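Engineer: Below are the structure tokens for one structure; questions will follow.
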Amino acid sequence: MADFGFARFEDDDANEEEEEEGEEWQARTLKDGLLFLLDCSKSMFERLEDGQCHFQLAIRCIKTTMQNKIISSDKDSVGVVFIGTENSDGPNKHINIYHDLGQPCASRILALEDMEETGWKNFNMLYGHDPDFSLSDALWTCADMFSKSPQNLNNKRVMLFTNNDDPHAGNTNRQIQARTKASDLANTGIDLELIHLVKSGQTFDVNKFYKDLLFTDDDELTELPDPAERLEELLTRMRTKDHKKRATRRIPLTLGEGVSLSVGVYNLVRTCAKPPMVKLSKKDNSELKSHTKTYLKDTVEVLMPQDLKKAQTYGARRICFENDEVKAIRQFDESGLKLMGFKPRSCLKPYFQVKPAQFLYPDEGSVTGSTTLFTALLRKCLDRDVVAICKYVPGKSNPPKFAALLPQDEELDEHKVQTTPPGFHVIFLPFADDFRKVKYEETPKANEDQVEAAKEVVKKLKFQFSSEMFENPVLQNHWRNIEALALDRDEPDAMIDYTMPADDKITKKAGSAIREFRDLVFPADYAPGQKKRAAPSESAAAKRAKAAETSVTLDLETEARAGRLGKLTVAVLKEAARNANIPCLATRKAYIIDTISNHYSVK
Amino acid sequence: MSTLVTMAASKEAIAIVLDVGPTMNSAPAGEATPLQTAIQAITMILQRKMFAESKDEIALILFGTTDTDNPLVDGDSYEHVSIARHLGVADFDLLQMVQNDIQPGDTPADFIDAMIVAMDHLESGLQGKRGFGSKRLIVLSDLSSPFGDDQLETFIDVIQKFNVEVNFIGPDLDDNDDDAGGAGPAEGGSGDATPGKDKTPQQRAGEAMAKYIIEKSNGASYSFNEALPALSYFQSRQVRPTAWKCLLEVGPNLKIPINGYIKMKEFKLKQSWKNVYAKDPSLEIKRERTHHLDDEEETEVDPDDIVEGYCYGSDRVPMTAEDKETMKYQSEKCFKVLGFTQTEHVKRGHHMGDSCLSVSAEKGDEAAAVALSALIHALYETNCVAIVRRVYAARTSPRIGCLIPHIKADYECLYWIELPFAEDIRTYTFGSLPLKEGATTNKKYTPSADQLKAVDELITSMDLSTAAENEDGEKCEALKPKLTFNPYFQRVYQCLQHRALHPDEPLPELSPLIARCLQRPQAVEVACQASAEKLGKAFKLERVAKKKEDKSGEAMFKENGASKEGPAAKRPKMDDDLAGGIQAITKAKVTEVGTVTPIEDFQDLISRKDEDLFEKACEQMQERIQQIVTDSFGQQFYGKAMDCLKALRTESIKKSESNNFNDFIQDFKDTLITKGRRDFWDKIIAEKQCLVSKMECEESDISKEEADTFMAGEVKKEEATPQQEETTADDLLADL
């Protein structure tokens with residue numbers, strides 16, 4: 001899903017104007033391939049305590065994975081192969097290709113759903129069971145499917161679901177064949193993952209057979225991890241787009257004359273937008289292509305690119321440029337970061353916010369020695385609590401910006417897993433143009449008791465924030481809707497909106513603290529948001545009536561010529577304009593006055 | 001009622017009062033005269049007014065002119081003051097006059113006289129004009145000519161009565177050492193108490209007078225050095241701040257009425273580039289978009305037969321307008337606290353959005369002010385921030401953000417900054433760096449004590465926090481964002497202005513003014529020479545040769561491995577991460593994109609799962625494409641080149657690396673045209689293998705519209721970053 005559209009996840013109404021969508025949306029690209037190899041021996045169909053069987057569990061995993069793939073990376077290919085069936089659909093005995101490698105789609109998901117719910121009961125009738133399959137043949141089938149895939153697959157993986165730790169017991173020949181085949185797979189870059197299913201009370205001994213098939217980095221593998229965790233992972237619905245780690249660019253960071261290291265620039269946070277809308281034909285839901293043409297309004301002459309120039313209009317002049325000139329105006333410098341100097345970190349104000357940050361990590365591949373210098377710089381910036389101020393030209397046709405490089409030490413969690421990588425955040429600095437003047441009024445300050453009461457509220461409602469906690473409800477809702485439509489559901493899956501405060505919990509935890517605070521800061525009769533001073537305010541209708549009254553006695557033209565319009569209320573002005581038959585749709589006073597003045601040609 | 005009046009009166013009448021007297025025209029050889037600098041400042045004022053499409057009106061009054069031209073002249077009072085331009089909206093004629101027609105005068109004139117003439121002119125010029133809420137005098141002078149103060153009190157009365165703001169702009173104005181001179185107004189005898197400053201007694205008297213007027217008019221003074229940055233306020237002043245009014249809720253029972261004002265927001269140029277017909281820019285141009293079936297004839301589809309939809313894997317799911325309406329996420333305008341958290345849990349690098357909102361209590365509501373003040377202090381003292389759900393208006397998308405307490409001597413507020421949603425975060429793992437003494441991971445990159453010392457010295461020598469001097473001669477922070485203009489906007493203005501005044505000339509050179517703000521401050525540049533040189537010696541940096549024959553893929557493209565972790569499966573990072581992950585698997589296969597089977601080579605390279613060769617592969621592919629096209633006899637190899645280009649483009653989109661491709665295609669166009677291969681370019685257009693837009697790849701900097709116009713032969717370089725609904729609304733309100 002590299003093709004998410006604009007960084008707009010706003011109202012659909014706003015999209016109405018984005019007519020030009022959907023054009024080149026189907027860039028068929030190569031992605032990952034995933035084959036599910038599913039052991040269909042009888043034992044997989046034995047009912048467990050919860051009334052379900054391993055086969056159902058496996059099918060549910062496959063279905064969930066497919067649903068997740070559609071959102072995370074819908075260009076990936078997925079396939080399902082049954083092994084241990086009685087019949088077969090190809091040259092290899094006891095092997096059925098249930099889904100060939102292909103992009104996930106609604107019909108496949110629905111088929112899997114059906115298989116999980118009722119279809120499994122008829123499995124024996126449709127496919128039958130036969131334990132005399134060859135794992136080597138099964139793996140060969142997978143390799144063959146990958147090689148025949150019309151897509152160029154980047155990363156190929158086979159996931160084997162089984163509850164039998166020794167499928168070829170006593171058949172040394174088959175065992176050797178399977179091992180050889182597994183090694184072939186590993187050599188051609190196909191990963192094999194074993195999802196072993198165990199009945200409670202039973203064990204799955206990986207040493208019996210599978211150990212030699214799994215080419216892991218870990219030679220010490222003697223025991224397989226508890227399958228429950230992996231299964232839970234496979235069964236969790238995730239509606240998040242996948243991002244492959246990749247530098248958006250690699251550019252020089254110049255510290256001084258002739259001292260340039262190379263850094264990779266990464267985006268660690270970026271607004272994830274709704275997927276782009278496409279135009280479909282009502283007849284068959286096929287995707288439409290679009291064409292645009294530019295023409296002269298008067299002659300309807302179609303214009304070619306070379307017929308066009310760029311223009312802006314200022315000071316009553318239309319100022320034209322050639323396309324190349326417009327491009328040249330943007331070009332200041334070669335791409336790169338150039339150090340301007342250092343400032344204490346406190347100079348980086350929290351309100352300096354014009355763009356999400358980027359991240360820098362050394363790029364040893366372009367300039368050797370980069371990592372050492374980068375490390376030294378990072379370490380010293382951390383030690384001295386300074387930020388490096390740089391001039392940042394991302395690409396040669398991007399105008400320069402200033403950025404503060406904020407040093408970031410590596411952070412690990414209790415399992416030594418990295419939670420924050422080491423490097424520099426690139427915090428974009430605003431320009432003078434971006435500042436707005438905010439006027440602050442003299443206001444009364446809280447006293448100590450009030451502050452203490454507020455602290456109590458803060459204390460009661462404290463939690464450990466992490467951005468991962470809040471899913472975007474609009475995006476989540478959108479995906480559920482598309483899913484519901486695609487899978488023909490009566491209603492979309494339920495969604496928890498984590499951005500809504502849990503009022504009951506807040507009241508339970510901090511109800512009394514909040515009450516105390518409120519009583520300390522607000523007068524007893526305080527009604528928030530209601531202007532008390534304007535107590536007996538006139539109703540809109542009353543205002544209208546009064547305006548109508550005033551406006552009748554009013555000579556609008558005289559008032560306009562005398563420049564007294566500003567002294568009248570909006571209601572009176574509108575009413576008077578209506579009486580004088582001056583079309584006036586404006587609601588703002590300045591515009592109403594302008595309209596009236598123009599009507600009487602008063603300047 | 002009163003607010004309505006202020007809103008209506010949103011325009012400003014400005015009289016620019018420029019001293020053209022003899023002292024303004026003298027400067028040491030090689031330096032700009034004060035008059036030249038003043039003209040530059042005026043140019044900037046006009047330029048910004050024009051380019052902000054301001055409706056403010058401007059008059060230009062000159063004093064020190066040889067002639068006299070003003071209605072107040074009476075005998076020898078108000079002599080040598082001329083109204084050069086009557087009150088009107090800034091336009092190119094005025095600009096041209098300022099640049100070309102202002103002549104230095106030979107007679108000193110009284111600046112108070114000139115200001116009175118200016119006030120009088122504003123009064124008469126505004127007769128019958130509406131919507132002018134404020135008036136301003138901008139006086140540009142070195143204040144070294146004699147003046148008379150007999151009219152002073154009347155003048156002060158008038159400016160106070162009409163609420164006129166007075167600004168002085170001059171050389172080193174306000175740089176006075178009051179303490180050294182200890183002088184009040186009119187005392188002029190302190191001579192050169194400060195070494196290095198050569199102000200005349202007259203000038204000191206003038207400055208004292210200016211200060212007095214400023215004090216009375218609630219104005220300000222600027223030195224020429226400060227003036228240019230300060231001019232942005234002249235311009236942004238007309239963005240009337242509009243409050244976002246809402247209730248800050250903490251649980252269901254605590255509601256504090258608040259006003260939010262935009263404190264900071266990425267500024268966009270007011271106009272974008274429009275296509276015009278080259279032969280006659282005045283003709284109206286239309287664009288039409290049609291939709292077609294993907295069949296042989298590309299049958300056009302009637303708009304009534306089109307439905308919107310979304311992709312679901314390989315399926316296309318139609319979503320009718322009614323579906324959308326019923327399924328839409330419902331939201332009410334709100335500002336609700338979800339909880340509080342320690343400040344350090346909100347990472348600076350996670351701040352999102354393009355703006356910052358300053359939140360204070362509802363105007364005039366004292367109870368709300370007290371409540372908010374208590375909350376601000378509570379957060380400040382406990383080092384906490386509030387995590388808040390914000391919905392700008394009903395039916396707009398909710399955001400998550402934090403409220404950061406901000407306390408100053410004269411005001412306090414909360415800053416609202418947007419934070420990412422879970423979907424917005426990309427969990428990438430990077431190799432550890434040897435940041436601590438004795439770190440074992442990536443040990444070979446550990447900097448030595450000497451190297452650390454060299455960096456330390458660099459930091460010391462490049463301290464920007466003391467690299468500038470303020471008006472009192474004290475050291476202060478250089479490169480302050482608040483005083484640094486966006487050079488791109490300045491450049492656009494410069495080019496627009498130049499083209500408007502000289503339609504037939506090529507683009508002007510980058511103005512030194514703009515170029516200067518992109519360089520290191522002089523003090524730093526000088527101070528860091530030695531330490532930078534040392535640094536260069538301490539570290540061995542070697543560019544990796546681009547040519548890579550006979551090298552294995554592994555050695556060529558060392559990249560951080562671990563490119564495969566998805567966010568779901570956090571893997572413990574590998575220690576050898578930096579060195580390229582799972583090296584053992586790397587096979588000596590294809591090492592570069594050849595000319596025989598470029599596409600296969602390319603795809604082989606980029607599909608290596610063990611390392612990331614994408615960038616290199618693209619580079620080589622681009623070279624190949626260029627080569628194939630240039631080597632082609634006629635159109636012989638165009639097909640092959642096109643296939644390569646398609647593969648490159650497809651992969652670039654897929655890998656979210658469209659900007660690289662976009663840069664290439666833009667350059668490639670030039671290459672093609674200069675090498676007489678326009679026919680291939682036409683092919684690219686025909687095959688739609690042009691710029692990758694945001695629509696296709698979210699990483700792209702190019703909007704759909706820009707891509708289309710480029711394809712239509714236009715490079716739209718304006719950053720038309722898609723506006724989010726809410727911020728647009730904010731802007732609209734703010735602009736009104």
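Residue numbers start at 1 in each chain; chains themselves are named A, B, ... in the order of the structure tokens; ligands are numbered from 1 in the order shown.
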Run DSSP on the backbone and grab whatever in region 385-469 of chain B lands in alpha helix (DSSP H); send it over as an mmCIF file with C-alpha atoms, in the first residue's frame.

Structural biologist:
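Once written, part.cif looks like this:
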data_model
loop_
_atom_site.group_PDB
_atom_site.id
_atom_site.type_symbol
_atom_site.label_atom_id
_atom_site.label_comp_id
_atom_site.auth_asym_id
_atom_site.auth_seq_id
_atom_site.Cartn_x
_atom_site.Cartn_y
_atom_site.Cartn_z
ATOM 1 C CA ALA B 449 39.435 10.860 22.955
ATOM 2 C CA ASP B 450 41.150 13.152 20.433
ATOM 3 C CA GLN B 451 38.234 12.918 18.077
ATOM 4 C CA LEU B 452 35.768 13.756 20.821
ATOM 5 C CA LYS B 453 37.912 16.695 21.788
ATOM 6 C CA ALA B 454 37.906 17.969 18.219
ATOM 7 C CA VAL B 455 34.099 17.859 18.146
ATOM 8 C CA ASP B 456 33.951 19.507 21.532
ATOM 9 C CA GLU B 457 36.091 22.372 20.281
ATOM 10 C CA LEU B 458 33.943 22.709 17.208
ATOM 11 C CA ILE B 459 30.853 23.096 19.370
ATOM 12 C CA THR B 460 32.608 25.704 21.488
ATOM 13 C CA SER B 461 33.756 27.688 18.492
#

Engineer: Could you list, as a ChimeraX atom specification, every residue within 8 Å of Tyr392 (chain B), counting only C-alpha atoms and ignoring same-chain residues fewer than 3 positions away?

Structural biologist: /B:333-334,396-398,726

Engineer: Calculate how many Å separate CA of Met304 (chain A) from CA of Thr671 (chain B), rounding to one decimal.

Structural biologist: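 Between CA of Met304 (chain A) and CA of Thr671 (chain B) the gap is 19.7 Å.
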
Engineer: List the spatial neighbours of Gly256 (chain A) as a list in words - criterion: any atom at most 9 Å away, only C-alpha atoms, same-chain residues fewer than 6 positions off excluded.

Structural biologist: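 So the residues in contact are Lys338 and Leu339 of chain A; Cys528, Gln529, Ser531, Ala532, Glu533, Leu535 and Gly536 of chain B.
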
Engineer: Could those selected residues go to a file with all heavy atoms, as a PDB file, in the first residue's frame?

Structural biologist:
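The resulting file, again.pdb, is shown below:
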ATOM      1  N   LYS A 338      23.994  21.690   6.036  1.00  0.00           N
ATOM      2  CA  LYS A 338      25.224  22.417   6.316  1.00  0.00           C
ATOM      3  C   LYS A 338      25.137  23.023   7.706  1.00  0.00           C
ATOM      4  O   LYS A 338      24.177  23.721   8.040  1.00  0.00           O
ATOM      5  CB  LYS A 338      25.425  23.516   5.273  1.00  0.00           C
ATOM      6  CG  LYS A 338      26.811  24.116   5.372  1.00  0.00           C
ATOM      7  CD  LYS A 338      26.980  25.353   4.526  1.00  0.00           C
ATOM      8  CE  LYS A 338      28.299  26.001   4.899  1.00  0.00           C
ATOM      9  NZ  LYS A 338      28.307  27.425   4.673  1.00  0.00           N
ATOM     10  N   LEU A 339      26.127  22.706   8.514  1.00  0.00           N
ATOM     11  CA  LEU A 339      26.129  23.184   9.900  1.00  0.00           C
ATOM     12  C   LEU A 339      26.322  24.693   9.950  1.00  0.00           C
ATOM     13  O   LEU A 339      27.256  25.238   9.374  1.00  0.00           O
ATOM     14  CB  LEU A 339      27.248  22.481  10.681  1.00  0.00           C
ATOM     15  CG  LEU A 339      27.422  22.883  12.135  1.00  0.00           C
ATOM     16  CD1 LEU A 339      26.217  22.448  12.957  1.00  0.00           C
ATOM     17  CD2 LEU A 339      28.701  22.275  12.711  1.00  0.00           C
TER      18      LEU A 339
ATOM     19  N   CYS B 528      35.287  29.480  13.790  1.00  0.00           N
ATOM     20  CA  CYS B 528      35.323  28.025  13.669  1.00  0.00           C
ATOM     21  C   CYS B 528      36.396  27.523  12.708  1.00  0.00           C
ATOM     22  O   CYS B 528      36.584  26.320  12.567  1.00  0.00           O
ATOM     23  CB  CYS B 528      33.956  27.496  13.276  1.00  0.00           C
ATOM     24  SG  CYS B 528      33.570  27.753  11.547  1.00  0.00           S
ATOM     25  N   GLN B 529      37.087  28.444  12.031  1.00  0.00           N
ATOM     26  CA  GLN B 529      38.071  28.016  11.031  1.00  0.00           C
ATOM     27  C   GLN B 529      39.043  26.976  11.568  1.00  0.00           C
ATOM     28  O   GLN B 529      39.191  25.891  11.035  1.00  0.00           O
ATOM     29  CB  GLN B 529      38.866  29.218  10.501  1.00  0.00           C
ATOM     30  CG  GLN B 529      38.096  30.120   9.558  1.00  0.00           C
ATOM     31  CD  GLN B 529      37.487  29.377   8.395  1.00  0.00           C
ATOM     32  OE1 GLN B 529      38.074  28.426   7.871  1.00  0.00           O
ATOM     33  NE2 GLN B 529      36.293  29.775   7.982  1.00  0.00           N
ATOM     34  N   SER B 531      39.010  25.183  14.381  1.00  0.00           N
ATOM     35  CA  SER B 531      38.467  23.935  14.918  1.00  0.00           C
ATOM     36  C   SER B 531      37.941  23.038  13.797  1.00  0.00           C
ATOM     37  O   SER B 531      38.008  21.815  13.895  1.00  0.00           O
ATOM     38  CB  SER B 531      37.379  24.224  15.946  1.00  0.00           C
ATOM     39  OG  SER B 531      36.351  24.981  15.367  1.00  0.00           O
ATOM     40  N   ALA B 532      37.428  23.651  12.742  1.00  0.00           N
ATOM     41  CA  ALA B 532      36.939  22.853  11.623  1.00  0.00           C
ATOM     42  C   ALA B 532      38.098  22.139  10.937  1.00  0.00           C
ATOM     43  O   ALA B 532      37.993  20.986  10.518  1.00  0.00           O
ATOM     44  CB  ALA B 532      36.189  23.737  10.626  1.00  0.00           C
ATOM     45  N   GLU B 533      39.206  22.847  10.849  1.00  0.00           N
ATOM     46  CA  GLU B 533      40.380  22.269  10.216  1.00  0.00           C
ATOM     47  C   GLU B 533      40.892  21.082  11.039  1.00  0.00           C
ATOM     48  O   GLU B 533      41.206  20.020  10.521  1.00  0.00           O
ATOM     49  CB  GLU B 533      41.464  23.342  10.122  1.00  0.00           C
ATOM     50  CG  GLU B 533      42.492  23.064   9.044  1.00  0.00           C
ATOM     51  CD  GLU B 533      43.412  24.261   8.883  1.00  0.00           C
ATOM     52  OE1 GLU B 533      42.887  25.363   8.556  1.00  0.00           O
ATOM     53  OE2 GLU B 533      44.615  24.093   9.129  1.00  0.00           O
ATOM     54  N   LEU B 535      39.134  19.313  13.021  1.00  0.00           N
ATOM     55  CA  LEU B 535      38.143  18.246  12.896  1.00  0.00           C
ATOM     56  C   LEU B 535      38.418  17.426  11.639  1.00  0.00           C
ATOM     57  O   LEU B 535      38.383  16.198  11.645  1.00  0.00           O
ATOM     58  CB  LEU B 535      36.744  18.861  12.831  1.00  0.00           C
ATOM     59  CG  LEU B 535      35.570  17.906  12.931  1.00  0.00           C
ATOM     60  CD1 LEU B 535      35.391  17.448  14.366  1.00  0.00           C
ATOM     61  CD2 LEU B 535      34.299  18.567  12.430  1.00  0.00           C
ATOM     62  N   GLY B 536      38.713  18.144  10.565  1.00  0.00           N
ATOM     63  CA  GLY B 536      39.011  17.473   9.307  1.00  0.00           C
ATOM     64  C   GLY B 536      40.202  16.544   9.428  1.00  0.00           C
ATOM     65  O   GLY B 536      40.237  15.474   8.812  1.00  0.00           O
TER      66      GLY B 536
END

Engineer: Phe204 (chain A): which residues within 12 Å, counting only C-alpha atoms, same-chain residues fewer than 3 positions away excluded, as a list in words?

Structural biologist: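 So, after excluding close chain neighbours, the residues are Thr162, Asn163, Asn164, Asp165, Asp166, Pro167, Leu194, Ile195, His196, Leu197, Val198, Lys199, Ser200, Gly201, Asn207, Lys208, Phe209, Tyr210, Lys211, Thr222, Glu223, Leu224, Pro225, Asp226 and Pro227 of chain A.
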
Engineer: What lies within 10 Å of Glu366 (chain B) using only C-alpha atoms, ignoring chain neighbours under 6 positions off, as a list in words?

Structural biologist: Thr443, Pro444, Lys445, Val521 and Phe522 of chain A; Leu372 of chain B

Engineer: Write the residues of the preceding selection, restricted to N, CA, C and O atoms, as a tab-separated table (two decimals), in the first residue's frame.

Structural biologist:
chain	number	residue	atom	x	y	z
A	443	THR	N	-4.73	38.85	32.93
A	443	THR	CA	-5.80	38.04	33.54
A	443	THR	C	-5.41	37.72	34.97
A	443	THR	O	-4.23	37.68	35.31
A	444	PRO	N	-6.42	37.47	35.81
A	444	PRO	CA	-6.12	37.12	37.20
A	444	PRO	C	-5.42	35.76	37.26
A	444	PRO	O	-5.67	34.90	36.42
A	445	LYS	N	-4.53	35.62	38.23
A	445	LYS	CA	-3.78	34.37	38.36
A	445	LYS	C	-4.37	33.53	39.49
A	445	LYS	O	-5.00	34.04	40.39
A	521	VAL	N	-12.24	27.28	42.04
A	521	VAL	CA	-11.97	28.27	40.99
A	521	VAL	C	-13.23	28.92	40.42
A	521	VAL	O	-13.17	30.04	39.93
A	522	PHE	N	-14.34	28.21	40.46
A	522	PHE	CA	-15.55	28.76	39.84
A	522	PHE	C	-16.53	29.26	40.90
A	522	PHE	O	-16.72	28.61	41.93
B	372	LEU	N	-7.80	28.16	34.43
B	372	LEU	CA	-6.74	27.79	33.49
B	372	LEU	C	-5.37	28.08	34.09
B	372	LEU	O	-4.44	27.29	33.95

Engineer: Would you please extract all strand (DSSP E or B) residues from region 77-319 of chain A, as assigned by DSSP on the backbone, and give them as JSON, numbers by chain?

Structural biologist: {"A": [77, 78, 79, 80, 81, 82, 83, 85, 95, 96, 97, 98, 99, 100, 101, 102, 129, 156, 157, 158, 159, 160, 161, 162, 190, 191, 192, 193, 194, 195, 196, 249, 250, 251, 252, 253, 254, 255, 256, 259, 260, 261, 262, 263, 264, 265, 266, 269, 278, 279, 280, 281, 287, 289, 290, 291, 292, 293, 294, 295, 296, 302, 303, 308, 309, 310, 311, 312, 313, 314, 317, 318, 319]}

Engineer: Those same residues, written as a CSV table (one decimal), in the first residue's frame with C-alpha atoms?

Structural biologist:
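Result file follows (result.csv):
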chain,number,residue,atom,x,y,z
A,77,SER,CA,0.7,-12.3,-2.8
A,78,VAL,CA,-0.8,-15.0,-0.6
A,79,GLY,CA,-1.6,-18.6,-1.3
A,80,VAL,CA,-2.9,-21.6,0.5
A,81,VAL,CA,-1.9,-25.3,0.0
A,82,PHE,CA,-3.5,-28.3,1.6
A,83,ILE,CA,-1.3,-31.3,2.3
A,85,THR,CA,-5.5,-34.8,1.5
A,95,ILE,CA,-1.5,-32.0,-2.3
A,96,ASN,CA,-4.2,-29.5,-3.2
A,97,ILE,CA,-3.6,-25.9,-4.1
A,98,TYR,CA,-6.6,-24.2,-2.5
A,99,HIS,CA,-5.6,-20.7,-3.3
A,100,ASP,CA,-3.0,-20.0,-5.9
A,101,LEU,CA,-0.5,-17.2,-5.1
A,102,GLY,CA,-2.4,-13.9,-5.6
A,129,HIS,CA,-7.5,-37.4,4.3
A,156,LYS,CA,9.1,-15.3,0.0
A,157,ARG,CA,7.9,-17.2,3.0
A,158,VAL,CA,6.2,-20.5,3.7
A,159,MET,CA,4.2,-20.9,6.9
A,160,LEU,CA,3.5,-24.5,7.8
A,161,PHE,CA,0.7,-25.3,10.1
A,162,THR,CA,0.8,-28.8,11.6
A,190,ILE,CA,12.5,-18.9,0.7
A,191,ASP,CA,11.9,-18.8,4.5
A,192,LEU,CA,10.1,-21.7,6.2
A,193,GLU,CA,8.2,-21.0,9.4
A,194,LEU,CA,6.7,-23.7,11.5
A,195,ILE,CA,3.5,-22.9,13.3
A,196,HIS,CA,3.1,-25.9,15.5
A,249,ARG,CA,17.5,10.2,1.0
A,250,ARG,CA,21.1,10.0,1.7
A,251,ILE,CA,22.8,13.4,1.8
A,252,PRO,CA,26.0,15.0,3.0
A,253,LEU,CA,26.2,16.7,6.4
A,254,THR,CA,28.9,19.3,6.1
A,255,LEU,CA,30.4,20.4,9.4
A,256,GLY,CA,33.2,22.6,8.0
A,259,VAL,CA,34.4,17.9,6.4
A,260,SER,CA,31.4,16.1,5.1
A,261,LEU,CA,29.9,12.9,6.4
A,262,SER,CA,27.0,11.1,4.9
A,263,VAL,CA,23.6,10.6,6.6
A,264,GLY,CA,20.4,8.8,5.8
A,265,VAL,CA,17.2,10.8,6.3
A,266,TYR,CA,14.2,8.8,7.7
A,269,VAL,CA,6.4,9.9,12.0
A,278,VAL,CA,-10.9,5.5,-7.1
A,279,LYS,CA,-13.4,6.2,-9.8
A,280,LEU,CA,-15.4,3.1,-10.8
A,281,SER,CA,-17.8,2.4,-13.6
A,287,GLU,CA,-11.7,1.1,-12.4
A,289,LYS,CA,-8.7,5.9,-16.3
A,290,SER,CA,-8.8,9.6,-16.6
A,291,HIS,CA,-7.4,12.1,-19.1
A,292,THR,CA,-6.9,15.8,-18.8
A,293,LYS,CA,-6.7,18.3,-21.5
A,294,THR,CA,-6.0,22.0,-21.4
A,295,TYR,CA,-7.7,24.3,-23.9
A,296,LEU,CA,-8.4,27.9,-24.6
A,302,VAL,CA,-6.2,22.3,-27.2
A,303,LEU,CA,-2.9,23.4,-25.7
A,308,LEU,CA,2.0,27.2,-21.6
A,309,LYS,CA,3.8,29.5,-19.2
A,310,LYS,CA,3.5,30.2,-15.5
A,311,ALA,CA,2.1,33.3,-14.1
A,312,GLN,CA,1.1,35.1,-10.9
A,313,THR,CA,-0.8,38.4,-10.6
A,314,TYR,CA,0.3,41.1,-8.3
A,317,ARG,CA,0.2,43.0,-13.3
A,318,ARG,CA,0.3,39.5,-14.6
A,319,ILE,CA,3.9,38.4,-14.3
